[in-house]
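Colleague: Contents of run22.txt (compact mmCIF, C-alpha atoms) are given next:
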```
# COMPACT_ATOMS: atom_id res chain seq x y z
CA MET A 59 37.85 -9.73 -0.43
CA THR A 60 37.55 -5.97 -0.68
CA SER A 61 37.01 -3.17 1.80
CA ALA A 62 33.69 -1.46 2.40
CA ALA A 63 35.11 1.59 0.61
CA PHE A 64 35.68 -0.38 -2.62
CA LEU A 65 33.37 0.80 -5.40
CA TRP A 66 31.23 -1.91 -7.00
CA GLY A 67 29.11 -0.46 -9.75
CA ALA A 68 27.59 -0.37 -13.19
CA ALA A 69 27.85 2.25 -15.92
CA THR A 70 25.82 4.04 -18.56
CA ALA A 71 26.53 6.94 -20.93
CA GLY A 72 24.14 9.79 -21.62
CA HIS A 73 23.78 9.54 -25.38
CA GLN A 74 23.42 5.77 -25.19
CA VAL A 75 20.57 5.72 -22.66
CA GLU A 76 18.91 9.14 -22.42
CA GLY A 77 17.45 9.49 -25.91
CA ASN A 78 16.71 12.54 -28.05
CA ASN A 79 20.07 14.18 -27.49
CA VAL A 80 19.26 16.51 -30.37
CA ASN A 81 21.98 19.11 -29.86
CA ALA A 82 24.82 16.58 -29.94
CA ASP A 83 27.26 16.14 -32.81
CA ILE A 84 26.64 12.40 -33.05
CA TRP A 85 22.87 12.92 -33.18
CA LEU A 86 23.39 14.85 -36.42
CA LEU A 87 25.64 12.11 -37.81
CA GLU A 88 22.84 9.62 -37.17
CA GLN A 89 20.41 11.69 -39.29
CA VAL A 90 22.35 12.57 -42.46
CA PRO A 91 21.54 10.45 -45.55
CA GLU A 92 25.18 9.32 -45.70
CA THR A 93 25.11 8.02 -42.11
CA SER A 94 27.12 4.94 -41.15
CA PHE A 95 24.78 4.24 -38.24
CA VAL A 96 22.54 1.18 -38.52
CA VAL A 97 19.71 3.13 -36.88
CA PRO A 98 19.47 6.47 -35.05
CA SER A 99 19.48 6.51 -31.26
CA GLY A 100 15.95 7.91 -31.01
CA ASP A 101 14.51 7.42 -27.53
CA ALA A 102 17.38 5.09 -26.52
CA CYS A 103 16.40 3.73 -23.07
CA ASP A 104 14.51 6.94 -22.22
CA SER A 105 16.65 7.43 -19.13
CA LEU A 106 15.71 11.10 -19.26
CA HIS A 107 12.47 9.96 -17.66
CA TYR A 108 13.43 6.58 -16.19
CA TRP A 109 16.67 7.53 -14.45
CA ARG A 110 15.16 6.85 -11.04
CA GLY A 111 14.61 3.28 -12.14
CA ASP A 112 18.24 3.06 -13.22
CA VAL A 113 19.43 4.24 -9.81
CA GLY A 114 16.96 1.86 -8.18
CA LEU A 115 18.32 -1.04 -10.20
CA VAL A 116 21.87 -0.28 -9.07
CA ARG A 117 20.66 -0.26 -5.48
CA ALA A 118 18.61 -3.45 -5.90
CA LEU A 119 21.76 -5.26 -7.05
CA GLY A 120 23.55 -4.26 -3.85
CA LEU A 121 26.04 -2.06 -5.72
CA ASN A 122 27.43 1.13 -4.20
CA CYS A 123 28.48 3.00 -7.35
CA TYR A 124 26.82 4.31 -10.51
CA ARG A 125 28.85 5.81 -13.33
CA PHE A 126 26.87 8.10 -15.64
CA SER A 127 27.75 10.93 -17.99
CA VAL A 128 26.48 14.49 -18.19
CA GLU A 129 25.75 15.72 -21.71
CA TRP A 130 27.65 18.87 -22.68
CA SER A 131 25.18 19.46 -25.53
CA ARG A 132 22.28 19.70 -23.08
CA ILE A 133 24.13 21.84 -20.55
CA GLU A 134 25.57 24.26 -23.16
CA PRO A 135 23.30 23.93 -26.22
CA SER A 136 24.76 27.08 -27.78
CA PRO A 137 28.13 28.73 -27.10
CA GLY A 138 28.22 30.42 -23.71
CA ARG A 139 24.55 29.73 -22.90
CA PHE A 140 24.24 27.31 -20.02
CA SER A 141 21.08 25.54 -18.92
CA ALA A 142 20.39 25.71 -15.19
CA ALA A 143 17.54 23.25 -15.73
CA TRP A 144 19.81 20.55 -17.17
CA LEU A 145 22.47 21.13 -14.52
CA ASP A 146 19.71 20.67 -11.94
CA HIS A 147 18.60 17.46 -13.69
CA TYR A 148 22.03 15.87 -13.37
CA ALA A 149 22.37 17.17 -9.81
CA ARG A 150 19.12 15.38 -8.94
CA ILE A 151 20.55 12.11 -10.26
CA ALA A 152 23.73 12.55 -8.22
CA ALA A 153 21.77 13.48 -5.09
CA ALA A 154 19.44 10.49 -5.53
CA CYS A 155 22.49 8.24 -5.77
CA ARG A 156 23.85 9.57 -2.50
CA ASP A 157 20.44 9.16 -0.83
CA ALA A 158 20.51 5.51 -1.93
CA GLY A 159 24.04 4.94 -0.61
CA ILE A 160 25.50 4.99 -4.13
CA ALA A 161 28.66 6.88 -5.12
CA PRO A 162 28.16 8.89 -8.35
CA VAL A 163 31.09 8.63 -10.76
CA ILE A 164 30.47 11.42 -13.26
CA THR A 165 31.89 11.50 -16.79
CA LEU A 166 32.19 14.88 -18.51
CA SER A 167 32.73 13.64 -22.09
CA HIS A 168 31.56 10.20 -23.18
CA PHE A 169 32.26 10.58 -26.93
CA THR A 170 29.64 13.27 -27.67
CA SER A 171 30.11 17.06 -27.87
CA PRO A 172 27.70 19.89 -28.73
CA ARG A 173 26.90 20.27 -32.40
CA TRP A 174 28.16 23.86 -32.33
CA PHE A 175 31.53 22.64 -31.02
CA ALA A 176 31.90 20.18 -33.91
CA GLU A 177 30.83 22.82 -36.44
CA ARG A 178 33.70 25.04 -35.28
CA GLY A 179 36.20 22.25 -35.88
CA GLY A 180 35.99 20.53 -32.50
CA TRP A 181 39.32 19.76 -30.86
CA THR A 182 41.28 21.16 -33.80
CA GLN A 183 40.45 24.69 -32.60
CA THR A 184 42.95 26.51 -30.38
CA ASP A 185 40.30 27.56 -27.87
CA SER A 186 38.85 24.04 -27.47
CA PRO A 187 40.62 23.28 -24.15
CA MET A 188 39.25 26.41 -22.51
CA LEU A 189 35.75 25.82 -23.88
CA PHE A 190 35.78 22.35 -22.35
CA ALA A 191 37.17 23.72 -19.08
CA ARG A 192 34.40 26.36 -18.98
CA TYR A 193 31.82 23.60 -19.27
CA ALA A 194 33.64 21.45 -16.68
CA GLU A 195 33.64 24.36 -14.25
CA ARG A 196 29.84 24.72 -14.51
CA VAL A 197 29.30 21.01 -13.98
CA ALA A 198 31.72 20.82 -11.06
CA ARG A 199 30.23 23.82 -9.33
CA ARG A 200 26.75 22.25 -9.48
CA LEU A 201 27.52 18.55 -8.91
CA ALA A 202 30.64 18.58 -6.71
CA PRO A 203 28.71 18.27 -3.43
CA TRP A 204 27.57 14.76 -4.41
CA ALA A 205 30.21 13.46 -6.83
CA SER A 206 32.48 10.61 -5.80
CA HIS A 207 34.89 10.78 -8.77
CA VAL A 208 35.03 12.72 -12.02
CA VAL A 209 36.16 11.22 -15.33
CA THR A 210 37.07 13.92 -17.84
CA PHE A 211 37.20 11.84 -21.04
CA ASN A 212 35.99 8.39 -21.94
CA GLU A 213 38.68 6.58 -23.94
CA PRO A 214 40.45 9.60 -25.49
CA ASN A 215 43.06 7.17 -26.86
CA LEU A 216 40.47 5.36 -28.97
CA PRO A 217 41.11 7.17 -32.31
CA LEU A 218 44.82 6.44 -31.95
CA MET A 219 44.02 2.74 -31.60
CA GLY A 220 42.21 2.79 -34.95
CA ARG A 221 45.12 1.53 -37.05
CA TRP A 222 45.32 -1.58 -34.88
CA ILE A 223 41.80 -2.45 -33.91
CA ALA A 224 38.18 -1.91 -34.95
CA THR A 225 35.93 -0.97 -32.01
CA PRO A 226 32.21 -0.42 -31.47
CA ILE A 227 32.65 3.32 -31.95
CA ALA A 228 35.01 3.02 -34.94
CA ASP A 229 34.28 2.40 -38.61
CA PRO A 230 35.93 -0.69 -40.16
CA GLY A 231 37.04 1.61 -43.00
CA ARG A 232 37.44 5.32 -43.49
CA ARG A 233 35.33 5.88 -46.60
CA GLY A 234 31.94 5.66 -44.89
CA LEU A 235 33.05 7.82 -42.00
CA ASP A 236 34.51 10.48 -44.26
CA ARG A 237 31.29 10.67 -46.30
CA MET A 238 29.23 10.97 -43.14
CA LEU A 239 31.40 13.75 -41.70
CA ALA A 240 31.44 15.58 -45.03
CA ALA A 241 27.64 15.41 -45.14
CA ALA A 242 27.40 16.87 -41.64
CA ALA A 243 29.79 19.67 -42.64
CA HIS A 244 27.61 20.42 -45.68
CA VAL A 245 24.40 20.50 -43.62
CA THR A 246 25.90 22.86 -41.06
CA GLY A 247 27.87 25.01 -43.49
CA SER A 248 31.05 24.08 -41.66
CA ASP A 249 34.54 23.93 -43.14
CA ARG A 250 35.18 20.88 -40.96
CA PHE A 251 32.66 19.03 -38.82
CA ASP A 252 35.02 17.39 -36.34
CA VAL A 253 33.84 14.57 -34.09
CA TRP A 254 36.92 13.41 -32.27
CA VAL A 255 36.01 9.74 -31.85
CA TYR A 256 35.57 9.48 -35.63
CA SER A 257 38.77 11.32 -36.50
CA HIS A 258 41.66 9.84 -38.38
CA GLY A 259 44.09 8.83 -35.66
CA GLU A 260 46.77 11.04 -37.18
CA ASP A 261 44.33 13.99 -37.26
CA VAL A 262 43.52 13.96 -33.55
CA ASP A 263 44.84 17.13 -31.96
CA LEU A 264 46.35 15.32 -29.02
CA LEU A 265 47.82 18.45 -27.46
CA ASN A 266 44.43 20.16 -27.37
CA LEU A 267 42.68 17.08 -26.05
CA LEU A 268 45.18 16.60 -23.24
CA ALA A 269 45.15 20.33 -22.48
CA GLY A 270 41.37 20.04 -22.20
CA HIS A 271 41.83 17.24 -19.69
CA ARG A 272 44.28 19.26 -17.61
CA HIS A 273 42.16 22.42 -17.61
CA ALA A 274 39.02 20.43 -16.76
CA ARG A 275 40.84 18.80 -13.85
CA LEU A 276 41.84 22.24 -12.56
CA ALA A 277 38.24 23.45 -12.91
CA VAL A 278 36.95 20.50 -10.90
CA LYS A 279 39.59 21.00 -8.22
CA ALA A 280 38.69 24.68 -7.96
CA ALA A 281 35.13 23.67 -7.15
CA ARG A 282 36.14 20.97 -4.65
CA GLY A 283 39.79 20.30 -4.00
CA ASP A 284 39.36 16.78 -2.60
CA LEU A 285 37.26 15.46 -5.50
CA PRO A 286 39.28 12.76 -7.34
CA VAL A 287 39.73 13.39 -11.08
CA GLY A 288 41.09 11.16 -13.83
CA MET A 289 40.45 9.91 -17.36
CA SER A 290 39.43 6.46 -18.57
CA LEU A 291 41.50 4.72 -21.24
CA ALA A 292 40.77 1.82 -23.55
CA LEU A 293 43.36 -0.73 -22.43
CA PRO A 294 43.24 -4.23 -23.88
CA ASP A 295 45.74 -6.84 -22.78
CA VAL A 296 48.29 -6.29 -25.57
CA GLN A 297 50.23 -9.44 -26.46
CA ALA A 298 53.15 -9.87 -28.86
CA VAL A 299 53.06 -12.49 -31.60
CA GLY A 300 56.58 -13.24 -32.83
CA THR A 301 58.09 -9.85 -32.00
CA ASP A 302 57.66 -6.98 -29.55
CA ALA A 303 58.01 -4.35 -32.30
CA GLY A 304 54.27 -3.99 -32.78
CA ILE A 305 53.64 -3.57 -29.09
CA ALA A 306 56.30 -0.88 -28.83
CA ALA A 307 54.68 1.15 -31.64
CA TYR A 308 51.22 0.63 -30.20
CA ARG A 309 52.17 1.74 -26.71
CA ARG A 310 54.10 4.74 -28.02
CA ASN A 311 51.03 6.05 -29.85
CA ALA A 312 47.95 4.78 -28.03
CA GLU A 313 49.14 4.71 -24.41
CA MET A 314 52.24 6.70 -23.50
CA PRO A 315 50.92 10.28 -24.00
CA PHE A 316 47.87 9.46 -21.91
CA PHE A 317 49.80 7.68 -19.19
CA ALA A 318 52.07 10.72 -18.94
CA ALA A 319 49.06 12.98 -18.42
CA ALA A 320 47.48 10.55 -15.95
CA ARG A 321 50.50 10.77 -13.64
CA GLU A 322 49.16 14.17 -12.59
CA ASP A 323 45.70 12.74 -11.82
CA ASP A 324 44.22 11.10 -8.74
CA PHE A 325 43.48 7.76 -10.44
CA ILE A 326 43.68 6.03 -13.81
CA GLY A 327 40.47 4.70 -15.34
CA VAL A 328 40.83 1.34 -17.09
CA GLN A 329 38.40 -0.02 -19.69
CA THR A 330 39.17 -3.57 -20.75
CA TYR A 331 37.15 -6.01 -22.84
CA GLY A 332 39.74 -8.49 -24.08
CA ARG A 333 43.17 -8.90 -25.59
CA LEU A 334 44.92 -7.47 -28.65
CA ARG A 335 47.48 -9.71 -30.37
CA LEU A 336 50.06 -7.83 -32.44
CA SER A 337 52.75 -8.83 -34.88
CA ALA A 338 55.34 -6.28 -35.98
CA ASP A 339 52.81 -4.22 -37.96
CA ALA A 340 49.36 -5.79 -37.80
CA VAL A 341 46.66 -7.26 -35.61
CA VAL A 342 46.80 -11.04 -35.45
CA PRO A 343 43.31 -12.60 -35.59
CA PRO A 344 42.13 -14.74 -32.68
CA PRO A 345 42.99 -18.44 -32.78
CA VAL A 346 40.67 -20.40 -35.08
CA ASP A 347 39.15 -22.26 -32.13
CA ALA A 348 38.67 -19.15 -29.96
CA GLU A 349 35.30 -18.49 -28.38
CA MET A 350 33.85 -15.24 -29.76
CA THR A 351 31.49 -12.58 -28.42
CA GLN A 352 28.49 -11.01 -30.09
CA ALA A 353 30.69 -8.06 -31.09
CA GLY A 354 33.05 -10.35 -33.01
CA ASP A 355 35.77 -10.12 -30.37
CA GLU A 356 37.62 -12.95 -28.73
CA TYR A 357 36.20 -14.05 -25.38
CA TYR A 358 39.11 -13.32 -23.06
CA PRO A 359 38.02 -12.21 -19.55
CA LYS A 360 41.40 -12.67 -17.88
CA ALA A 361 42.66 -9.64 -19.81
CA LEU A 362 41.28 -7.47 -17.01
CA GLY A 363 43.85 -8.27 -14.35
CA VAL A 364 46.76 -7.83 -16.76
CA ALA A 365 45.52 -4.45 -18.03
CA VAL A 366 44.95 -3.17 -14.50
CA ALA A 367 48.47 -4.12 -13.41
CA HIS A 368 49.94 -2.52 -16.54
CA ALA A 369 48.07 0.76 -16.02
CA HIS A 370 49.26 1.05 -12.43
CA ALA A 371 52.85 0.18 -13.32
CA ALA A 372 52.88 2.81 -16.08
CA THR A 373 51.36 5.63 -14.02
CA GLY A 374 51.90 4.83 -10.35
CA LYS A 375 48.23 5.66 -9.79
CA PRO A 376 45.43 3.68 -8.18
CA VAL A 377 43.11 2.07 -10.71
CA LEU A 378 39.38 2.54 -11.12
CA ILE A 379 37.95 0.02 -13.57
CA THR A 380 35.42 2.24 -15.31
CA GLU A 381 34.28 -0.36 -17.86
CA ASN A 382 34.52 -4.12 -18.26
CA GLY A 383 31.96 -6.36 -19.85
CA ILE A 384 30.87 -8.34 -22.87
CA ALA A 385 28.45 -8.08 -25.78
CA SER A 386 26.42 -11.27 -25.80
CA ALA A 387 22.93 -12.40 -26.65
CA ASP A 388 23.62 -15.46 -24.47
CA ASP A 389 23.47 -14.30 -20.86
CA ARG A 390 25.20 -17.49 -19.73
CA GLN A 391 28.30 -16.27 -21.56
CA ARG A 392 28.06 -12.94 -19.71
CA THR A 393 27.75 -14.77 -16.41
CA ARG A 394 30.92 -16.74 -17.12
CA TYR A 395 32.72 -13.61 -18.27
CA ILE A 396 31.96 -11.64 -15.10
CA THR A 397 32.98 -14.56 -12.90
CA GLU A 398 36.30 -15.08 -14.70
CA ALA A 399 37.10 -11.37 -15.05
CA LEU A 400 36.61 -10.80 -11.32
CA ALA A 401 38.79 -13.82 -10.55
CA SER A 402 41.60 -12.23 -12.59
CA LEU A 403 41.06 -8.98 -10.72
CA ASP A 404 41.28 -10.82 -7.39
CA ASP A 405 44.74 -12.09 -8.36
CA THR A 406 45.90 -8.62 -9.36
CA CYS A 407 44.64 -7.06 -6.13
CA ALA A 408 46.32 -9.83 -4.14
CA SER A 409 49.63 -8.93 -5.80
CA GLY A 410 49.41 -5.45 -4.26
CA VAL A 411 48.07 -3.35 -7.15
CA PRO A 412 45.85 -0.61 -5.66
CA VAL A 413 42.37 -0.91 -7.16
CA ILE A 414 39.62 1.39 -5.90
CA GLY A 415 36.66 0.02 -7.79
CA TYR A 416 35.09 -2.12 -10.50
CA ILE A 417 32.28 -0.71 -12.68
CA HIS A 418 30.59 -3.09 -15.07
CA TRP A 419 29.59 -2.08 -18.60
CA SER A 420 26.75 -1.82 -18.90
CA LEU A 421 23.79 -1.46 -16.59
CA LEU A 422 21.39 -1.61 -19.56
CA ASP A 423 21.19 -2.92 -23.08
CA ASN A 424 21.60 0.40 -24.83
CA PHE A 425 22.47 2.24 -28.04
CA GLU A 426 25.85 0.92 -29.15
CA TRP A 427 26.77 3.74 -31.50
CA ARG A 428 27.10 2.72 -35.17
CA ARG A 429 25.83 -0.76 -34.35
CA GLY A 430 22.56 0.58 -33.00
CA TYR A 431 20.68 -1.89 -30.81
CA THR A 432 22.28 -5.05 -32.19
CA GLN A 433 24.73 -5.50 -29.29
CA GLN A 434 23.66 -6.47 -25.76
CA PHE A 435 26.10 -5.44 -23.03
CA GLY A 436 23.54 -4.91 -20.27
CA LEU A 437 22.87 -6.50 -16.92
CA ALA A 438 19.26 -5.62 -17.71
CA MET A 439 17.32 -5.79 -20.95
CA ILE A 440 14.96 -3.06 -22.08
CA ASP A 441 11.41 -3.55 -23.29
CA ARG A 442 11.55 -1.26 -26.34
CA ARG A 443 7.83 -0.50 -26.07
CA THR A 444 7.43 0.21 -22.34
CA PHE A 445 11.09 0.94 -21.42
CA GLN A 446 10.78 -1.51 -18.54
CA ARG A 447 14.14 -2.59 -17.12
CA ILE A 448 14.28 -6.39 -16.82
CA PRO A 449 17.33 -7.74 -14.92
CA LYS A 450 19.06 -10.75 -16.45
CA PRO A 451 20.38 -13.75 -14.49
CA SER A 452 23.90 -12.32 -14.92
CA ALA A 453 22.85 -9.32 -12.84
CA ARG A 454 22.10 -11.60 -9.88
CA THR A 455 25.37 -13.45 -10.43
CA TYR A 456 27.26 -10.16 -10.35
CA ALA A 457 25.39 -9.10 -7.21
CA ASN A 458 26.27 -12.39 -5.50
CA LEU A 459 29.93 -12.14 -6.50
CA VAL A 460 30.08 -8.62 -5.06
CA GLU A 461 28.41 -9.71 -1.83
CA ALA A 462 30.86 -12.59 -1.42
CA ARG A 463 33.83 -10.25 -1.82
CA ARG A 464 32.51 -7.93 0.86
CA ALA A 465 32.29 -10.78 3.37
```
Using the file provided, produce a representation of the structure as structure tokens.
Modeller:
Amino acid sequence: MTSAAFLWGAATAGHQVEGNNVNADIWLLEQVPETSFVVPSGDACDSLHYWRGDVGLVRALGLNCYRFSVEWSRIEPSPGRFSAAWLDHYARIAAACRDAGIAPVITLSHFTSPRWFAERGGWTQTDSPMLFARYAERVARRLAPWASHVVTFNEPNLPLMGRWIATPIADPGRRGLDRMLAAAAHVTGSDRFDVWVYSHGEDVDLLNLLAGHRHARLAVKAARGDLPVGMSLALPDVQAVGTDAGIAAYRRNAEMPFFAAAREDDFIGVQTYGRLRLSADAVVPPPVDAEMTQAGDEYYPKALGVAVAHAHAATGKPVLITENGIASADDRQRTRYITEALASLDDTCASGVPVIGYIHWSLLDNFEWRRGYTQQFGLAMIDRRTFQRIPKPSARTYANLVEARRA
């Protein structure tokens, strides 16, 4: 059981659903001849025009929360030039959510940045934190009246996880990524075209990134002091195989700096899809008889409760589950996953861990970065010709599970 104030939602990200995000760094990476992307994003789910249907779908499922991202590259397409029209667009989405009884959870950076920001060297530049804070201030000033929570960064620890795990946003090897980034630098005449989610883990300017988070939080608070702010982290259930040495190294690099920063926030965002088994210095493959997902990951829904408890213990903050889900062409597998993941969350909540919400990834089958449209995470499928949203049986299962927990 959960209180009426508990957030039950679904999530999307701008670049993955809006389409034609032409001023974004990743849009350019999709177009260069050396691209590592299976296909470009193109129209995506055309949520630029169908966003009302997305909000309506959230409402139809009986959910009270919608997490979506605003696109920096639309709002500030060139340095210092801000678009009132695009700020108004995102404000209309947030206002429509509130009119429908839905809490808008707004993400400021869901992997993409403006092309001009990447051309300048991205987060390697000393002024990057203040540039991000300037953008955050404009967004907060326009959307704060409706926002429920603000997430500054989506999975900023992801590049630092790269030596342990391949993810949907990461390249299995560096060579293809390096060629793609070099091609983008050549096209733009840049010394370094820096896209932080495709950085070498050791090249991520962690100090700048975390300074950007802190300055963005201050900008949001200046606009509305009671608006909760945090970041969302990729947090698998990390398990030792034979020795704890691998876990210690992993946590030191991919978790501890972010947990330290999160202790100053209002909540910690948790994004969990499964478990990560580590020996002293390597990832241990799943057991040979393990059930697998469409993404090639082990099916392991009970990771959620463990990751949530760990995040709270490490930060002392309440937890907002900003992503949890599964890539599967078999919707029956998704139905089982949601049921079992929520059961693990029930146990964690019953143990006293403060959880303020659960947001499923994803509302829609969308553009899954380098893997294009080959991965289905959505509660609804998309007709690629008409852009019709077609709810899957798992969406009704999720709605029923939410309704039962409100009883």
Colleague: For a cutoff of 6 Å around the file-coordinate point (27.0, 15.5, -29.1), which residues qualify once you count only C-alpha atoms? I'd like the result as a PyMOL selection string.
Modeller: chain A and resi 82-84+131+170-173
Colleague: Hey, can you spit out that residue selection with C-alpha atoms as a PDB file, keeping the file's coordinate frame?
Modeller:
```pdb
ATOM      1  CA  ALA A  82      24.820  16.580 -29.940  1.00  0.00           C
ATOM      2  CA  ASP A  83      27.260  16.140 -32.810  1.00  0.00           C
ATOM      3  CA  ILE A  84      26.640  12.400 -33.050  1.00  0.00           C
ATOM      4  CA  SER A 131      25.180  19.460 -25.530  1.00  0.00           C
ATOM      5  CA  THR A 170      29.640  13.270 -27.670  1.00  0.00           C
ATOM      6  CA  SER A 171      30.110  17.060 -27.870  1.00  0.00           C
ATOM      7  CA  PRO A 172      27.700  19.890 -28.730  1.00  0.00           C
ATOM      8  CA  ARG A 173      26.900  20.270 -32.400  1.00  0.00           C
TER       9      ARG A 173
END
```
Colleague: With distances taken over only C-alpha atoms, which residue among A:Tyr331, A:Phe169, A:Phe64, A:Tyr416 lies nearest Trp85 in chain A?
Modeller: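 Of A:Tyr331, A:Phe169, A:Phe64, A:Tyr416, the one nearest Trp85 in chain A is A:Phe169, counting only C-alpha atoms.
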Colleague: I'd like to know which of A:Leu86, A:Ala298, A:Ala371, A:Ile396 is closest to Asp339 in chain A, using all atoms listed in the file.
Modeller: A:Ala298
Colleague: Would you mind listing what lies within 6 Å of range 195-209 of chain A as a JSON list (two decimals) with C-alpha atoms, in the coordinates of the input, with only C-alpha atoms counted and same-chain residues fewer than 6 positions away left out?
Modeller:
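Saved as selection_23.json:
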```
[["chain", "number", "residue", "atom", "x", "y", "z"],
["A", 149, "ALA", "CA", 22.37, 17.17, -9.81],
["A", 152, "ALA", "CA", 23.73, 12.55, -8.22],
["A", 153, "ALA", "CA", 21.77, 13.48, -5.09],
["A", 161, "ALA", "CA", 28.66, 6.88, -5.12],
["A", 162, "PRO", "CA", 28.16, 8.89, -8.35],
["A", 163, "VAL", "CA", 31.09, 8.63, -10.76],
["A", 164, "ILE", "CA", 30.47, 11.42, -13.26],
["A", 165, "THR", "CA", 31.89, 11.50, -16.79],
["A", 277, "ALA", "CA", 38.24, 23.45, -12.91],
["A", 278, "VAL", "CA", 36.95, 20.50, -10.90],
["A", 281, "ALA", "CA", 35.13, 23.67, -7.15],
["A", 286, "PRO", "CA", 39.28, 12.76, -7.34],
["A", 287, "VAL", "CA", 39.73, 13.39, -11.08],
["A", 288, "GLY", "CA", 41.09, 11.16, -13.83],
["A", 289, "MET", "CA", 40.45, 9.91, -17.36]]
```
Colleague: For the point (48.0, 20.2, -28.7) in the file's frame, write as an MDAnalysis selection string all residues with an atom no more than 12 Å away, counting all atoms listed in the file.
Modeller: chainID A and resid 181:187 261:272 315
Colleague: Would you please work out which residue, of A:Arg309, A:Glu349, A:Glu381, A:Asn79, is nearest to Pro135 in chain A when using all atoms listed in the file?
Modeller: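 Of A:Arg309, A:Glu349, A:Glu381, A:Asn79, the one nearest Pro135 in chain A, counting all atoms listed in the file, is A:Asn79.
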Colleague: Nearest residue to Phe251 in chain A out of A:Leu87, A:Leu218, A:Leu334, A:Val342, using all atoms listed in the file?
Modeller: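 Of A:Leu87, A:Leu218, A:Leu334, A:Val342, the one nearest Phe251 in chain A, counting all atoms listed in the file, is A:Leu87.
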Colleague: Could you check the closest approach to Thr380 in chain A for each of A:Ala292, A:Ile440, A:Val96, A:Cys103 and tell me which residue wins, using only C-alpha atoms?
Modeller: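 That would be A:Ala292, the residue with the smallest distance to Thr380 in chain A.
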Colleague: Do you have the CA of Gly77 in chain A-CA of Ala143 in chain A distance handy?
Modeller: 17.1 Å
Colleague: In terms of the shortest atom-to-atom distance over all atoms listed in the file, which of A:Glu177, A:Asp284, A:Glu313, A:Glu426 is closest to Val253 in chain A?
Modeller: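 Once distances to Val253 in chain A are computed over all atoms listed in the file, the minimum belongs to A:Glu177.
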Colleague: One decimal, Å: what's the distance from CA of Gly100 in chain A over to CA of Gln434 in chain A, could you say?
Modeller: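 Separation of CA of Gly100 in chain A and CA of Gln434 in chain A: 17.1 Å.
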Colleague: Which value, in Å to one decimal, gives the distance between CA of Ala191 in chain A and CA of Tyr148 in chain A?
Modeller: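 CA of Tyr148 in chain A lies at a distance of 18.0 Å from CA of Ala191 in chain A.
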Colleague: Set the distance at 12 Å and use all atoms listed in the file: which residues neighbour Ala453 in chain A once local chain neighbours fewer than 2 positions away are removed? I'd like the list as number ranges by chain.
Modeller: A: 67-68, 115-121, 383, 389-390, 392-394, 396-397, 418-422, 435-439, 447-451, 455-460
Colleague: Return the padded bounding box of range 363-374 of chain A as JSON: axis-aligned, built from all atoms listed in the file, 8 Å added on each side, with centre and edge lengths in Å to one decimal.
Modeller:
```
{"center_x": 48.4, "center_y": -1.3, "center_z": -14.2, "size_x": 25.0, "size_y": 29.9, "size_z": 23.7}
```
